[in-house]
Amino acid sequence: MKRGLIRLITFAAGLILVVEYFWPGRPGDWLDVSRRNYLDFTAVVGAFGLGVGWYQLVHGHAVKLARLRKGWFHSLGFLLTVVAAIGLGIYTRGMSPEHKPGEFAGPWPQQAWSYMTWGLMNPLVASVFSLLAFYVASAAYRAFRIKNWEAALMMAAAIIVMLGQVPVGNALTYHLPRWGQLPVWKTWIMATINGSAQRALLFGMAVGAIATSLRLWLGLERGAFFERRL
Amino acid sequence: MQQPWYVRLQRIDRRIVYLFLVAAVAFPMFTQLRFPTFTTPETQAVYDAVERWQPGDGPVLIMADWGAASWGENGPQTQTVVAHCLDRGVPFAIMSTGFEGPIYTSHYADQAAPAFGREYGKDWVNFGFKAGPNYGQIIAAFMPDVVKFVQTDAKGTPLTDHDKLPIMRNVRTLADFYMVYAIGAGTTINDWVGLAKPRYPKVLLSYGGTAVTAPEVYPLMDSKQVVGLLVGMAGAAEYETLNAQRLKKELAALRAQRAPPERLQALEKLIRTAQHATWGMSMQSAAHLLVILFVIVGNLAYLYERRRAALDREARQA
């Protein structure tokens with residue numbers, strides 16, 4: 001019974017969106033209003049989902065901290081950060097509606113929020129992603145080996161694109177006719193060869209997405225609510 | 001027993017590779033080395049789209065879905081297009097699904113506005129960020145009724161207060177926008193193409209993405225669903241070059257007209273400082289050259305090792 005009810009709600013909700021997409025109503029008619037209400041409702045459900053996710057995280061780390069399991073200090077750091085970030089964020093919301101990056105003036109809660117965000121979080125996040133450059137350089141050096149002619153072709157294309165993407169490539173070949181310039185070759189590789197391959201991938205992904213979506217919409221998907229006894 | 005040189009050359013310690021990379025990236029910083037940029041057709045297309053804007057076309061929607069992680073690429077892409085919009089008088093609205101993007105974008109607008117005599121509320125508005133479970137659902141809810149979905153700007157001013165926000169006077173749905181410029185580290189443009197283009201075909205779509213995600217957008221450009229594309233920091237540098245050429249002409253014209261000194265100073269400062277991507281491309285050039293060099297060295301050593309092994313086999317068989 002419950003499984004049937006879930007399938008019915010899933011189907012009805014999906015039906016509104018599908019019908020409205022292929023048969024768009026005039027603004028204000030019942031289909032348009034239904035779609036908007038449905039989208040507002042999903043935003044609310046999504047917010048509840050965020051709350052459930054937060055509860056799981058905080059609960060898991062709190063249990064780890066209470067029982068002093070291995071790595072409990074990481075959980076302590078996480079919980080203190082969560083409390084500080086959420087507490088300061090809510091407390092400072094009314095002080096200044098617009099936080100400016102790098103601005104550390106104002107009342108102490110706002111200063112603390114600014115230091116935490118612009119002084120700590122942003123530089124850390126930027127640094128972590130900057131490390132990728134080192135990993136890519138090291139991995140490219142170790143792994144790219146010309147073992148056959150396909151690998152040689154890929155290597156040549158990679159070198160042309162890498163040089164064509166940066167001003168050095170332009171500086172090396174700008175005196176040549178247009179057909180000999182590295183940036184022109186790079187644009188051709190990206191637009192023609194890469195474009196064709198990406199288009200093929202997009203087709204495949206789209207067909208897969210349609211198939212999966214249909215299965216979910218019609219309740220044919222296994223797992224989650226569709227097979228468990230409720 | 002020490003390994004032969006061609007084996008050691010394939011296994012250089014990664015810390016040495018990192019040191020070389022640091023040195024290569026730092027070198028252009030100290031030498032102020034610059035190379036001319038080549039403007040690609042995809043960047044030129046975005047620039048031309050902003051240039052073609054006419055009064056009455058509606059504002060541009062800048063979807064700043066990026067943060068500190070991709071600031072190196074998305075930051076200059078945002079800054080340079082914002083400066084172009086302010087210069088041309090193209091009104092724009094800032095929005096995002098994350099909290100950082102609108103703050104950075106608004107900061108860029110505040111920095112550039114004095115150079116062009118632009119005002120918040122009249123020339124741009126910041127919608128802030130809208131959180132939601134799914135990017136597509138945020139767009140789907142935003143498109144048919146912008147005012148009802150956003151309600152207030154980031155400062156709490158209702159969008160219906162047209163005295164404080166005259167930019168919103170004729171904006172009701174996505175159809176009232178001229179272009180959506182989606183900037184981000186992920187391919188958010190796919191959602192715009194799938195959801196917005198069928199219903200609002202006249203709204204232009206453009207994308208500013210990291211160099212990793214930009215290749216996926218080329219088919220969309222080919223099918224004319226996306227008008228143009230800024231590829232990573234290189235795209236931003238190309239756009240900055242196009243901007244700088246125009247801004248320098250404007251500065252000369254303003255000097256001839258004896259414009260107010262504060263406006264001249266603001267424009268000079270903008271020309272001087274809005275060159276992050278151009279500056280960064282020198283370092284990226286050095287990094288690319290170094291990676292190519294290491295790959296070539298590693299492969300030459302590998303090919304030599306294979307040749308030696310083949311010759312040794314022939315010698316043993318003989």
# chains A, B, ... in the order shown; residues from 1 in each chain; ligands from 1

$ select_by_dssp --residues "region 57-189 of chain B" --states "alpha helix (DSSP H)" --output "VMD selection string"
chain B and resid 71 to 88 100 to 116 135 to 142 146 to 150 189

$ interface_residues --of "chain B" --to "chain A" --cutoff "6 Å" --atoms "only C-alpha atoms" --output "ChimeraX atom specification"
/B:35-37,68-69,132-133,141,155,216,218-219,285,291,294-295,299

$ write_last_selection --atoms "N, CA and C atoms" --output "JSON list (two decimals), in the first residue's frame"
[["chain", "number", "residue", "atom", "x", "y", "z"],
["B", 35, "PHE", "N", 53.59, 38.15, -22.82],
["B", 35, "PHE", "CA", 53.51, 37.76, -24.22],
["B", 35, "PHE", "C", 52.17, 38.22, -24.77],
["B", 36, "PRO", "N", 52.13, 38.53, -26.08],
["B", 36, "PRO", "CA", 50.84, 38.97, -26.65],
["B", 36, "PRO", "C", 49.86, 37.81, -26.67],
["B", 37, "THR", "N", 48.58, 38.12, -26.43],
["B", 37, "THR", "CA", 47.55, 37.08, -26.45],
["B", 37, "THR", "C", 46.91, 37.00, -27.82],
["B", 68, "ALA", "N", 36.28, 30.44, -3.98],
["B", 68, "ALA", "CA", 37.73, 30.59, -3.86],
["B", 68, "ALA", "C", 38.47, 29.49, -4.61],
["B", 69, "ALA", "N", 37.85, 28.31, -4.71],
["B", 69, "ALA", "CA", 38.53, 27.18, -5.35],
["B", 69, "ALA", "C", 38.88, 27.49, -6.80],
["B", 132, "GLY", "N", 19.36, 25.67, -3.01],
["B", 132, "GLY", "CA", 18.32, 24.73, -3.40],
["B", 132, "GLY", "C", 18.89, 23.36, -3.57],
["B", 133, "PRO", "N", 18.03, 22.34, -3.67],
["B", 133, "PRO", "CA", 18.53, 20.96, -3.77],
["B", 133, "PRO", "C", 19.19, 20.65, -5.10],
["B", 141, "ALA", "N", 12.57, 27.44, -11.28],
["B", 141, "ALA", "CA", 11.72, 28.30, -10.44],
["B", 141, "ALA", "C", 11.98, 29.77, -10.71],
["B", 155, "LYS", "N", 20.76, 43.36, -0.30],
["B", 155, "LYS", "CA", 20.72, 44.34, 0.79],
["B", 155, "LYS", "C", 19.34, 44.36, 1.46],
["B", 216, "GLU", "N", 33.64, 20.73, -22.88],
["B", 216, "GLU", "CA", 32.31, 20.13, -23.03],
["B", 216, "GLU", "C", 31.32, 21.07, -23.68],
["B", 218, "TYR", "N", 31.88, 23.10, -26.33],
["B", 218, "TYR", "CA", 32.07, 23.36, -27.76],
["B", 218, "TYR", "C", 30.92, 22.85, -28.63],
["B", 219, "PRO", "N", 30.35, 21.66, -28.35],
["B", 219, "PRO", "CA", 29.21, 21.25, -29.18],
["B", 219, "PRO", "C", 28.03, 22.21, -29.06],
["B", 285, "SER", "N", 52.04, 30.05, -18.81],
["B", 285, "SER", "CA", 52.88, 29.70, -19.97],
["B", 285, "SER", "C", 54.11, 28.95, -19.48],
["B", 291, "VAL", "N", 55.93, 21.46, -18.08],
["B", 291, "VAL", "CA", 55.28, 20.14, -18.13],
["B", 291, "VAL", "C", 55.59, 19.46, -19.46],
["B", 294, "PHE", "N", 59.18, 18.17, -19.38],
["B", 294, "PHE", "CA", 59.32, 16.95, -18.59],
["B", 294, "PHE", "C", 58.75, 15.74, -19.34],
["B", 295, "VAL", "N", 57.61, 15.93, -19.99],
["B", 295, "VAL", "CA", 56.98, 14.82, -20.72],
["B", 295, "VAL", "C", 57.89, 14.38, -21.87],
["B", 299, "ASN", "N", 59.77, 10.76, -22.22],
["B", 299, "ASN", "CA", 59.50, 9.89, -23.37],
["B", 299, "ASN", "C", 60.76, 9.58, -24.16]]

$ closest_atom_pairs --of "region 27-132 of chain B" --to "region 173-196 of chain B" --cutoff "10 Å" --atoms "only C-alpha atoms" --output "Markdown table"
| residue | atom | partner | partner_atom | distance |
| --- | --- | --- | --- | --- |
| B:Val46 | CA | B:Tyr181 | CA | 9.0 |
| B:Ala49 | CA | B:Met179 | CA | 8.5 |
| B:Val50 | CA | B:Met179 | CA | 8.6 |
| B:Trp53 | CA | B:Tyr178 | CA | 7.8 |
| B:Gln54 | CA | B:Tyr178 | CA | 9.5 |
| B:Gly56 | CA | B:Tyr178 | CA | 9.1 |
| B:Asp57 | CA | B:Tyr178 | CA | 5.5 |
| B:Gly58 | CA | B:Phe177 | CA | 4.7 |
| B:Pro59 | CA | B:Phe177 | CA | 5.1 |
| B:Val60 | CA | B:Met179 | CA | 4.8 |
| B:Leu61 | CA | B:Val180 | CA | 4.7 |
| B:Ile62 | CA | B:Tyr181 | CA | 4.9 |
| B:Met63 | CA | B:Ala182 | CA | 4.7 |
| B:Ala64 | CA | B:Ile183 | CA | 5.2 |
| B:Asp65 | CA | B:Gly184 | CA | 4.8 |
| B:Trp66 | CA | B:Gly184 | CA | 4.8 |
| B:Gly67 | CA | B:Gly184 | CA | 8.3 |
| B:Ala69 | CA | B:Ala185 | CA | 8.5 |
| B:Ser70 | CA | B:Ala185 | CA | 6.3 |
| B:Trp71 | CA | B:Ala185 | CA | 9.3 |
| B:Glu73 | CA | B:Ala185 | CA | 8.7 |
| B:Asn74 | CA | B:Gly184 | CA | 6.5 |
| B:Gly75 | CA | B:Ile183 | CA | 9.1 |
| B:Gln77 | CA | B:Ile183 | CA | 7.7 |
| B:Thr78 | CA | B:Ile183 | CA | 7.3 |
| B:Val81 | CA | B:Tyr181 | CA | 9.1 |
| B:Val90 | CA | B:Tyr178 | CA | 9.6 |
| B:Pro91 | CA | B:Tyr178 | CA | 9.6 |
| B:Phe92 | CA | B:Phe177 | CA | 8.9 |
| B:Ala93 | CA | B:Phe177 | CA | 9.3 |
| B:Ile94 | CA | B:Tyr181 | CA | 9.8 |
| B:Met95 | CA | B:Ala182 | CA | 9.7 |
| B:Ser96 | CA | B:Ala182 | CA | 9.2 |
| B:Gly101 | CA | B:Gly184 | CA | 9.0 |

$ atom_distance --atom1 "CA of Arg15 (chain B)" --atom2 "CA of Gln2 (chain B)"
20.1 Å

$ residues_around --residues "Ala287 (chain B)" --least-positions-apart "2" --cutoff "7 Å" --atoms "only C-alpha atoms" --output "compact mmCIF listing (two decimals) with all heavy atoms, in the first residue's frame"
# COMPACT_ATOMS: atom_id res chain seq x y z
N LEU B 21 58.67 23.36 -10.87
CA LEU B 21 57.40 24.03 -11.18
C LEU B 21 57.29 25.34 -10.42
O LEU B 21 56.86 26.36 -10.98
CB LEU B 21 56.25 23.10 -10.82
CG LEU B 21 54.86 23.50 -11.31
CD1 LEU B 21 54.83 23.64 -12.82
CD2 LEU B 21 53.82 22.49 -10.87
N ALA B 24 59.55 27.81 -12.10
CA ALA B 24 59.02 28.24 -13.41
C ALA B 24 57.89 29.24 -13.23
O ALA B 24 57.78 30.21 -13.97
CB ALA B 24 58.52 27.02 -14.19
N VAL B 25 57.02 28.99 -12.24
CA VAL B 25 55.88 29.89 -12.04
C VAL B 25 56.35 31.21 -11.43
O VAL B 25 55.80 32.27 -11.73
CB VAL B 25 54.83 29.19 -11.13
CG1 VAL B 25 53.80 30.17 -10.65
CG2 VAL B 25 54.16 28.06 -11.88
N MET B 283 52.68 33.14 -16.07
CA MET B 283 53.06 32.04 -15.18
C MET B 283 52.51 30.72 -15.71
O MET B 283 53.18 29.69 -15.64
CB MET B 283 52.54 32.32 -13.78
CG MET B 283 53.26 33.49 -13.14
SD MET B 283 52.68 33.84 -11.51
CE MET B 283 51.48 35.08 -11.84
N GLN B 284 51.29 30.77 -16.27
CA GLN B 284 50.73 29.54 -16.82
C GLN B 284 51.54 29.09 -18.02
O GLN B 284 51.73 27.89 -18.25
CB GLN B 284 49.27 29.76 -17.21
CG GLN B 284 48.54 28.46 -17.49
CD GLN B 284 47.06 28.66 -17.69
OE1 GLN B 284 46.46 29.58 -17.16
NE2 GLN B 284 46.46 27.80 -18.45
N SER B 285 52.04 30.05 -18.81
CA SER B 285 52.88 29.70 -19.97
C SER B 285 54.11 28.95 -19.48
O SER B 285 54.49 27.92 -20.06
CB SER B 285 53.34 30.97 -20.70
OG SER B 285 52.25 31.68 -21.21
N LEU B 289 55.08 25.06 -20.41
CA LEU B 289 56.35 24.73 -21.07
C LEU B 289 57.11 23.70 -20.25
O LEU B 289 57.70 22.76 -20.80
CB LEU B 289 57.20 25.99 -21.23
CG LEU B 289 56.85 26.89 -22.42
CD1 LEU B 289 57.69 28.16 -22.37
CD2 LEU B 289 57.10 26.16 -23.74
N LEU B 290 57.11 23.88 -18.93
CA LEU B 290 57.85 22.95 -18.08
C LEU B 290 57.26 21.55 -18.14
O LEU B 290 57.98 20.55 -18.24
CB LEU B 290 57.85 23.46 -16.64
CG LEU B 290 58.70 22.64 -15.70
CD1 LEU B 290 60.17 22.94 -15.94
CD2 LEU B 290 58.36 22.92 -14.24
N VAL B 291 55.93 21.46 -18.08
CA VAL B 291 55.28 20.14 -18.13
C VAL B 291 55.59 19.46 -19.46
O VAL B 291 55.91 18.27 -19.51
CB VAL B 291 53.75 20.29 -17.93
CG1 VAL B 291 53.04 18.99 -18.24
CG2 VAL B 291 53.45 20.71 -16.50

$ residues_around --residues "Glu305 (chain B)" --least-positions-apart "3" --cutoff "8 Å" --atoms "only C-alpha atoms" --output "VMD selection string"
chain B and resid 6 to 7 301 to 302 308 to 309

$ write_last_selection --atoms "all heavy atoms" --output "compact mmCIF listing (two decimals), in the first residue's frame"
# COMPACT_ATOMS: atom_id res chain seq x y z
N TYR B 6 69.14 6.56 -18.44
CA TYR B 6 67.84 6.68 -19.11
C TYR B 6 66.70 6.13 -18.22
O TYR B 6 65.55 6.44 -18.46
CB TYR B 6 67.85 5.98 -20.48
CG TYR B 6 68.43 4.59 -20.49
CD1 TYR B 6 67.66 3.48 -20.15
CD2 TYR B 6 69.76 4.38 -20.83
CE1 TYR B 6 68.19 2.21 -20.16
CE2 TYR B 6 70.32 3.11 -20.84
CZ TYR B 6 69.53 2.03 -20.50
OH TYR B 6 70.07 0.77 -20.49
N VAL B 7 67.05 5.31 -17.23
CA VAL B 7 66.01 4.85 -16.29
C VAL B 7 65.81 5.92 -15.21
O VAL B 7 64.68 6.24 -14.84
CB VAL B 7 66.41 3.50 -15.65
CG1 VAL B 7 65.42 3.11 -14.57
CG2 VAL B 7 66.47 2.42 -16.71
N ALA B 301 63.74 9.32 -22.91
CA ALA B 301 64.45 8.30 -22.13
C ALA B 301 63.76 6.95 -22.27
O ALA B 301 64.43 5.91 -22.39
CB ALA B 301 64.48 8.73 -20.65
N TYR B 302 62.44 6.94 -22.29
CA TYR B 302 61.69 5.69 -22.44
C TYR B 302 61.95 5.05 -23.79
O TYR B 302 62.19 3.84 -23.89
CB TYR B 302 60.20 5.99 -22.26
CG TYR B 302 59.27 4.86 -22.64
CD1 TYR B 302 59.16 3.72 -21.84
CD2 TYR B 302 58.53 4.91 -23.82
CE1 TYR B 302 58.33 2.68 -22.19
CE2 TYR B 302 57.69 3.87 -24.16
CZ TYR B 302 57.60 2.76 -23.36
OH TYR B 302 56.76 1.74 -23.73
N ARG B 308 67.41 0.30 -26.62
CA ARG B 308 68.54 -0.45 -26.04
C ARG B 308 68.15 -1.90 -25.79
O ARG B 308 68.91 -2.84 -26.05
CB ARG B 308 68.94 0.18 -24.69
CG ARG B 308 69.99 1.27 -24.76
CD ARG B 308 71.35 0.74 -25.14
NE ARG B 308 72.03 0.08 -24.06
CZ ARG B 308 72.95 0.64 -23.31
NH1 ARG B 308 73.29 1.90 -23.48
NH2 ARG B 308 73.56 -0.05 -22.37
N ALA B 309 66.95 -2.10 -25.24
CA ALA B 309 66.48 -3.45 -24.93
C ALA B 309 66.37 -4.28 -26.21
O ALA B 309 66.75 -5.46 -26.25
CB ALA B 309 65.14 -3.38 -24.21
